[in-house]
$ cat entry-v2.tsv   # TSV, C-alpha atoms
chain	number	residue	atom	x	y	z
B	6	MET	CA	7.03	-20.53	-4.47
B	7	ILE	CA	9.67	-17.79	-4.88
B	8	TYR	CA	7.51	-15.49	-2.74
B	9	TRP	CA	7.65	-17.85	0.23
B	10	VAL	CA	11.36	-18.56	-0.24
B	11	LEU	CA	12.11	-14.82	-0.20
B	12	LYS	CA	9.86	-14.32	2.81
B	13	ALA	CA	11.68	-17.06	4.70
B	14	THR	CA	15.19	-15.90	3.78
B	15	LEU	CA	15.10	-12.15	3.26
B	16	GLY	CA	12.23	-11.91	5.73
B	17	SER	CA	14.32	-13.48	8.48
B	18	LEU	CA	16.99	-10.83	7.95
B	19	LEU	CA	14.44	-8.03	8.03
B	20	TRP	CA	12.94	-9.40	11.25
B	21	ALA	CA	16.36	-9.63	12.88
B	22	VAL	CA	17.49	-6.10	11.97
B	23	TRP	CA	14.27	-4.04	12.13
B	24	ARG	CA	12.21	-6.12	14.59
B	25	PRO	CA	8.77	-5.05	13.27
B	26	GLN	CA	6.14	-4.42	15.90
B	27	VAL	CA	2.58	-4.88	14.66
B	28	GLU	CA	-0.68	-4.10	16.42
B	29	GLY	CA	-4.06	-5.38	15.23
B	30	LEU	CA	-2.88	-8.30	13.12
B	31	GLU	CA	-6.07	-10.11	14.10
B	32	HIS	CA	-8.00	-7.73	11.84
B	33	VAL	CA	-6.52	-9.34	8.73
B	34	PRO	CA	-8.96	-12.13	7.76
B	35	GLU	CA	-7.55	-15.65	7.84
B	36	GLY	CA	-9.25	-16.48	4.56
B	37	GLY	CA	-11.10	-14.88	1.69
B	38	PRO	CA	-10.49	-11.66	-0.22
B	39	ALA	CA	-9.55	-8.40	1.48
B	40	ILE	CA	-8.01	-5.10	0.47
B	41	LEU	CA	-5.14	-3.90	2.65
B	42	ALA	CA	-5.21	-0.11	2.27
B	43	SER	CA	-2.09	1.52	3.69
B	44	ASN	CA	-0.60	4.96	4.04
B	45	HIS	CA	2.75	5.22	2.28
B	46	LEU	CA	5.79	6.81	3.91
B	47	ALA	CA	8.79	4.91	2.52
B	48	VAL	CA	9.86	2.31	-0.02
B	49	ILE	CA	10.27	-0.24	2.77
B	50	ASP	CA	6.51	-0.16	3.43
B	51	SER	CA	6.12	-2.69	0.61
B	52	PHE	CA	8.59	-5.02	2.32
B	53	PHE	CA	7.38	-4.92	5.90
B	54	LEU	CA	3.62	-5.15	5.45
B	55	PRO	CA	3.83	-8.47	3.55
B	56	LEU	CA	6.42	-9.60	6.09
B	57	VAL	CA	4.12	-9.30	9.12
B	58	VAL	CA	1.00	-10.70	7.42
B	59	LYS	CA	0.91	-14.50	7.36
B	60	ARG	CA	-0.97	-14.68	4.07
B	61	ARG	CA	0.48	-13.64	0.74
B	62	VAL	CA	-0.11	-9.98	-0.13
B	63	THR	CA	-0.11	-8.79	-3.75
B	64	PHE	CA	0.73	-5.10	-4.32
B	65	ILE	CA	0.74	-2.74	-7.25
B	66	ALA	CA	3.80	-0.53	-7.78
B	67	LYS	CA	4.80	2.26	-10.12
B	68	GLU	CA	5.74	1.07	-13.57
B	69	GLU	CA	9.22	2.62	-13.30
B	70	TYR	CA	10.29	-0.26	-11.05
B	71	PHE	CA	9.92	-2.58	-14.04
B	72	THR	CA	11.71	-0.46	-16.66
B	73	GLY	CA	15.15	0.05	-15.09
B	74	THR	CA	18.30	-0.82	-17.00
B	75	GLY	CA	21.54	-2.53	-16.09
B	76	LEU	CA	22.15	-5.00	-13.28
B	77	LYS	CA	20.18	-2.98	-10.74
B	78	GLY	CA	17.20	-2.66	-13.08
B	79	TRP	CA	17.26	-6.39	-13.75
B	80	PHE	CA	17.42	-7.24	-10.05
B	81	VAL	CA	14.56	-4.92	-9.13
B	82	ARG	CA	12.46	-6.25	-12.01
B	83	MET	CA	13.12	-9.87	-11.02
B	84	PHE	CA	12.45	-9.20	-7.34
B	85	MET	CA	9.20	-7.35	-7.97
B	86	GLY	CA	7.99	-10.08	-10.29
B	87	ALA	CA	8.97	-12.81	-7.85
B	88	VAL	CA	6.92	-11.36	-5.01
B	89	GLY	CA	3.91	-10.78	-7.22
B	90	VAL	CA	4.01	-6.99	-7.54
B	91	ILE	CA	1.81	-5.63	-10.34
B	92	PRO	CA	3.03	-2.59	-12.31
B	93	VAL	CA	0.74	0.43	-12.58
B	94	ASP	CA	1.02	3.39	-14.92
B	95	ARG	CA	0.53	6.35	-12.57
B	96	ALA	CA	-0.28	8.59	-15.50
B	97	GLY	CA	-3.78	7.13	-15.29
B	98	GLY	CA	-6.06	6.21	-18.16
B	99	GLU	CA	-6.52	2.71	-19.50
B	100	ALA	CA	-3.22	1.41	-18.12
B	101	ALA	CA	-4.26	2.25	-14.56
B	102	ASN	CA	-7.66	0.66	-15.16
B	103	ALA	CA	-5.94	-2.50	-16.35
B	104	SER	CA	-3.98	-2.68	-13.09
B	105	LEU	CA	-7.19	-2.30	-11.09
B	106	ASP	CA	-8.69	-5.08	-13.20
B	107	THR	CA	-5.78	-7.23	-12.10
B	108	GLY	CA	-6.57	-6.27	-8.51
B	109	LYS	CA	-10.12	-7.50	-9.06
B	110	ARG	CA	-8.76	-10.78	-10.36
B	111	VAL	CA	-6.57	-11.20	-7.28
B	112	LEU	CA	-9.55	-10.55	-5.02
B	113	SER	CA	-11.82	-12.84	-7.04
B	114	GLU	CA	-9.33	-15.61	-6.28
B	115	GLY	CA	-9.87	-15.02	-2.56
B	116	ARG	CA	-6.49	-13.40	-1.95
B	117	LEU	CA	-5.16	-10.28	-0.24
B	118	PHE	CA	-4.53	-7.19	-2.35
B	119	GLY	CA	-2.43	-4.31	-1.02
B	120	ILE	CA	-2.92	-0.76	-2.22
B	121	TYR	CA	-1.71	2.73	-1.32
B	122	PRO	CA	-4.76	4.98	-1.77
B	123	GLU	CA	-2.58	8.11	-1.89
B	124	GLY	CA	-1.04	6.74	-5.08
B	125	THR	CA	2.50	7.71	-4.10
B	126	ARG	CA	4.70	8.21	-1.05
B	127	SER	CA	3.85	11.14	1.16
B	128	PRO	CA	6.26	13.98	0.32
B	129	ASP	CA	6.38	15.32	3.89
B	130	GLY	CA	4.97	12.73	6.28
B	131	ARG	CA	1.38	13.99	6.13
B	132	LEU	CA	-1.57	11.96	4.87
B	133	TYR	CA	-2.91	13.07	1.49
B	134	ARG	CA	-6.19	12.74	-0.35
B	135	GLY	CA	-6.90	9.20	-1.50
B	136	LYS	CA	-7.56	8.20	-5.07
B	137	THR	CA	-10.83	6.37	-5.68
B	138	GLY	CA	-9.32	3.13	-7.01
B	139	VAL	CA	-9.63	1.57	-3.56
B	140	ALA	CA	-13.35	2.38	-3.54
B	141	ARG	CA	-13.90	0.92	-7.00
B	142	LEU	CA	-12.21	-2.32	-5.97
B	143	ALA	CA	-14.24	-2.57	-2.76
B	144	LEU	CA	-17.57	-1.84	-4.46
B	145	GLN	CA	-16.99	-4.06	-7.47
B	146	THR	CA	-15.71	-7.07	-5.52
B	147	GLY	CA	-17.45	-6.74	-2.15
B	148	ALA	CA	-14.10	-7.29	-0.42
B	149	PRO	CA	-13.64	-5.61	2.97
B	150	VAL	CA	-11.02	-2.88	3.30
B	151	VAL	CA	-8.50	-3.31	6.11
B	152	PRO	CA	-6.77	0.01	6.97
B	153	VAL	CA	-3.05	-0.25	7.72
B	154	ALA	CA	-0.87	2.52	9.18
B	155	MET	CA	2.88	2.49	8.77
B	156	LEU	CA	3.96	4.62	11.73
B	157	ASN	CA	7.67	5.37	11.52
B	158	THR	CA	9.10	4.11	8.25
B	159	ARG	CA	9.71	7.66	7.01
B	160	GLU	CA	12.07	8.27	9.94
B	161	LEU	CA	13.90	5.02	9.23
B	162	GLN	CA	14.10	5.63	5.49
B	163	PRO	CA	13.77	9.31	4.55
B	164	ILE	CA	13.16	10.11	0.90
B	165	GLY	CA	16.40	9.67	-1.03
B	166	LYS	CA	17.94	7.19	1.44
B	167	ARG	CA	18.35	3.73	-0.09
B	168	ILE	CA	19.31	1.75	3.01
B	169	PRO	CA	17.00	2.34	5.98
B	170	ARG	CA	18.42	3.16	9.39
B	171	ARG	CA	18.28	0.54	12.08
B	172	GLY	CA	15.27	0.82	14.30
B	173	ARG	CA	12.01	-0.90	15.08
B	174	VAL	CA	9.39	-0.71	12.35
B	175	LYS	CA	5.92	-0.04	13.79
B	176	ILE	CA	2.67	-0.98	12.06
B	177	LYS	CA	-0.91	-0.59	13.21
B	178	ILE	CA	-3.84	-2.42	11.59
B	179	GLY	CA	-7.42	-1.36	12.16
B	180	PRO	CA	-10.77	-3.18	11.97
B	181	SER	CA	-12.01	-3.96	8.47
B	182	LEU	CA	-14.43	-1.61	6.75
B	183	ASP	CA	-17.49	-3.11	5.08
B	184	PHE	CA	-18.92	-1.18	2.13
B	185	SER	CA	-21.36	-3.82	0.92
B	186	ARG	CA	-24.21	-1.39	1.57
B	187	TYR	CA	-23.06	0.50	-1.53
B	188	ARG	CA	-22.83	-2.51	-3.88
B	189	GLU	CA	-25.78	-1.27	-5.96
B	190	LEU	CA	-24.05	2.09	-6.48
B	191	VAL	CA	-20.95	0.93	-8.33
B	192	GLY	CA	-19.80	3.69	-10.68
B	193	ASP	CA	-21.33	6.53	-8.69
B	194	ARG	CA	-18.50	9.04	-8.34
B	195	PHE	CA	-20.00	10.63	-5.25
B	196	ILE	CA	-20.18	7.26	-3.50
B	197	GLU	CA	-16.66	6.33	-4.62
B	198	ARG	CA	-15.34	9.56	-3.14
B	199	ALA	CA	-17.29	9.03	0.10
B	200	VAL	CA	-15.94	5.48	0.46
B	201	THR	CA	-12.38	6.63	-0.25
B	202	ASP	CA	-12.67	9.45	2.28
B	203	GLU	CA	-13.91	6.97	4.90
B	204	VAL	CA	-10.85	4.81	4.26
B	205	MET	CA	-8.55	7.84	4.55
B	206	ASP	CA	-10.25	8.91	7.77
B	207	ALA	CA	-9.56	5.45	9.23
B	208	LEU	CA	-5.92	5.77	8.18
B	209	ARG	CA	-5.69	9.22	9.75
B	210	GLU	CA	-7.03	7.90	13.06
B	211	LEU	CA	-4.64	4.94	13.03
B	212	SER	CA	-1.53	6.85	12.00
B	213	GLY	CA	-2.09	10.16	13.78
B	214	GLN	CA	-0.94	11.98	10.63
B	215	ASP	CA	-2.15	15.43	9.70
B	216	TYR	CA	-4.50	15.21	6.73
B	217	VAL	CA	-4.17	17.29	3.57
B	218	ASP	CA	-7.17	17.40	1.20
B	219	GLU	CA	-4.96	17.42	-1.89
B	220	TYR	CA	-3.35	14.73	-3.99
B	221	ALA	CA	0.28	14.14	-3.01
B	222	ALA	CA	1.25	13.86	-6.67
B	223	LYS	CA	0.06	17.42	-7.27
B	224	LEU	CA	2.29	18.70	-4.47
B	225	LYS	CA	5.25	16.85	-5.92
B	226	GLU	CA	4.58	18.34	-9.34
B	227	ARG	CA	4.96	21.78	-7.78
B	228	GLY	CA	8.38	20.78	-6.46
B	229	GLN	CA	7.44	20.90	-2.79
B	230	GLU	CA	8.64	17.42	-1.87
B	231	ALA	CA	10.46	17.37	1.47
$ encode --input "entry-v2.tsv" --output "structure tokens"
Amino acid sequence: MIYWVLKATLGSLLWAVWRPQVEGLEHVPEGGPAILASNHLAVIDSFFLPLVVKRRVTFIAKEEYFTGTGLKGWFVRMFMGAVGVIPVDRAGGEAANASLDTGKRVLSEGRLFGIYPEGTRSPDGRLYRGKTGVARLALQTGAPVVPVAMLNTRELQPIGKRIPRRGRVKIKIGPSLDFSRYRELVGDRFIERAVTDEVMDALRELSGQDYVDEYAAKLKERGQEA
């Protein structure tokens, strides 16, 4: 209930100020499970994609959003919980697997699950190597993957800027990708990588971004974030 209240109230403000323009909305299925796999350029990506999709979208987000202190930490924690965001430990291991298990539960209930295959925001506007969680979800659930390209959110909200500039948010959604032909190969790392790379290739075509065959998190660890 809180999700729809926020979408109606906060969503109306976002529509009025940033006037999102979306292409390919018809590719999001009207019913049944689907994985919305998006590139990730800015924090506001997680606001505008659910805004333009009529159905409820459940996302995962870094665990740090749920561990803040003070009034700001409380507000962020309450907001993320209200809109159904699931925390994920980006350090990997069992915690990350638990979050993917939650994604499987969301999909098993016939809902939409949003994921950023890169695992983090792009440090410089390029598209980085995808992590194979999106492939595992697709193969284990049989849900189609719908590629989504956020086109200009980095320009509207550069890294470090809390309030985005005024401008028109542009989003492009591509045809769904069906990986049911690989259902018997769940757990095969080669297949998971191939499926993930196909998703990233679709995102590259939609977004027009230059592709880097390296994990964005590794680049950030080296202190090369722009």
$ residues_around --input "entry-v2.tsv" --residues "segment 39-47 of chain B" --least-positions-apart "6" --cutoff "8 Å" --atoms "all atoms listed in the file" --output "PDB file with C-alpha atoms, keeping the file's coordinate frame"
ATOM      1  CA  VAL B  33      -6.520  -9.340   8.730  1.00  0.00           C
ATOM      2  CA  LEU B 112      -9.550 -10.550  -5.020  1.00  0.00           C
ATOM      3  CA  GLY B 115      -9.870 -15.020  -2.560  1.00  0.00           C
ATOM      4  CA  ARG B 116      -6.490 -13.400  -1.950  1.00  0.00           C
ATOM      5  CA  LEU B 117      -5.160 -10.280  -0.240  1.00  0.00           C
ATOM      6  CA  PHE B 118      -4.530  -7.190  -2.350  1.00  0.00           C
ATOM      7  CA  GLY B 119      -2.430  -4.310  -1.020  1.00  0.00           C
ATOM      8  CA  ILE B 120      -2.920  -0.760  -2.220  1.00  0.00           C
ATOM      9  CA  TYR B 121      -1.710   2.730  -1.320  1.00  0.00           C
ATOM     10  CA  PRO B 122      -4.760   4.980  -1.770  1.00  0.00           C
ATOM     11  CA  GLU B 123      -2.580   8.110  -1.890  1.00  0.00           C
ATOM     12  CA  THR B 125       2.500   7.710  -4.100  1.00  0.00           C
ATOM     13  CA  ARG B 126       4.700   8.210  -1.050  1.00  0.00           C
ATOM     14  CA  SER B 127       3.850  11.140   1.160  1.00  0.00           C
ATOM     15  CA  GLY B 130       4.970  12.730   6.280  1.00  0.00           C
ATOM     16  CA  LEU B 132      -1.570  11.960   4.870  1.00  0.00           C
ATOM     17  CA  VAL B 139      -9.630   1.570  -3.560  1.00  0.00           C
ATOM     18  CA  ALA B 143     -14.240  -2.570  -2.760  1.00  0.00           C
ATOM     19  CA  ALA B 148     -14.100  -7.290  -0.420  1.00  0.00           C
ATOM     20  CA  PRO B 149     -13.640  -5.610   2.970  1.00  0.00           C
ATOM     21  CA  VAL B 150     -11.020  -2.880   3.300  1.00  0.00           C
ATOM     22  CA  VAL B 151      -8.500  -3.310   6.110  1.00  0.00           C
ATOM     23  CA  PRO B 152      -6.770   0.010   6.970  1.00  0.00           C
ATOM     24  CA  VAL B 153      -3.050  -0.250   7.720  1.00  0.00           C
ATOM     25  CA  ALA B 154      -0.870   2.520   9.180  1.00  0.00           C
ATOM     26  CA  MET B 155       2.880   2.490   8.770  1.00  0.00           C
ATOM     27  CA  ASN B 157       7.670   5.370  11.520  1.00  0.00           C
ATOM     28  CA  THR B 158       9.100   4.110   8.250  1.00  0.00           C
ATOM     29  CA  ARG B 159       9.710   7.660   7.010  1.00  0.00           C
ATOM     30  CA  GLN B 162      14.100   5.630   5.490  1.00  0.00           C
ATOM     31  CA  PRO B 163      13.770   9.310   4.550  1.00  0.00           C
ATOM     32  CA  ILE B 164      13.160  10.110   0.900  1.00  0.00           C
ATOM     33  CA  VAL B 204     -10.850   4.810   4.260  1.00  0.00           C
ATOM     34  CA  LEU B 208      -5.920   5.770   8.180  1.00  0.00           C
TER      35      LEU B 208
END
$ closest_residue --input "entry-v2.tsv" --among "B:Val58, B:Leu76, B:Leu15, B:Val90" --to "Ile178 of chain B" --atoms "only C-alpha atoms"
B:Val58
$ closest_residue --input "entry-v2.tsv" --among "B:Gly192, B:Arg170, B:Glu28, B:Leu54" --to "Leu211 of chain B" --atoms "only C-alpha atoms"
B:Glu28
$ closest_residue --input "entry-v2.tsv" --among "B:Leu30, B:Leu105, B:Val48, B:Leu56" --to "Ser17 of chain B" --atoms "all atoms listed in the file"
B:Leu56
$ residues_around --input "entry-v2.tsv" --residues "Ala221 of chain B" --least-positions-apart "4" --cutoff "10 Å" --atoms "all atoms listed in the file" --output "list in words"
Glu123, Gly124, Thr125, Arg126, Ser127, Pro128, Asp129, Arg131, Leu132, Tyr133, Arg134, Gly135, Val217, Lys225, Glu226, Gln229 and Glu230 of chain B
$ closest_residue --input "entry-v2.tsv" --among "B:Asp215, B:Glu31, B:Asp50, B:Glu189" --to "Ile176 of chain B" --atoms "only C-alpha atoms"
B:Asp50
$ closest_residue --input "entry-v2.tsv" --among "B:Met85, B:Val10, B:Ser51, B:Lys136" --to "Ala222 of chain B" --atoms "only C-alpha atoms"
B:Lys136
$ atom_distance --input "entry-v2.tsv" --atom1 "atom CA of Lys59 of chain B" --atom2 "atom CA of Gly78 of chain B"
28.7 Å
$ atom_distance --input "entry-v2.tsv" --atom1 "atom CA of Pro25 of chain B" --atom2 "atom CA of Thr63 of chain B"
19.6 Å
$ atom_distance --input "entry-v2.tsv" --atom1 "atom CA of Glu219 of chain B" --atom2 "atom CA of Pro180 of chain B"
25.5 Å
$ residues_around --input "entry-v2.tsv" --residues "Gly147 of chain B" --least-positions-apart "6" --cutoff "9 Å" --atoms "all atoms listed in the file" --output "JSON list (two decimals) with C-alpha atoms, in the frame of the given file"
[["chain", "number", "residue", "atom", "x", "y", "z"],
["B", 38, "PRO", "CA", -10.49, -11.66, -0.22],
["B", 39, "ALA", "CA", -9.55, -8.40, 1.48],
["B", 183, "ASP", "CA", -17.49, -3.11, 5.08],
["B", 184, "PHE", "CA", -18.92, -1.18, 2.13],
["B", 185, "SER", "CA", -21.36, -3.82, 0.92],
["B", 188, "ARG", "CA", -22.83, -2.51, -3.88]]
$ closest_residue --input "entry-v2.tsv" --among "B:Lys109, B:His32, B:Lys12, B:Arg82" --to "Arg141 of chain B" --atoms "all atoms listed in the file"
B:Lys109
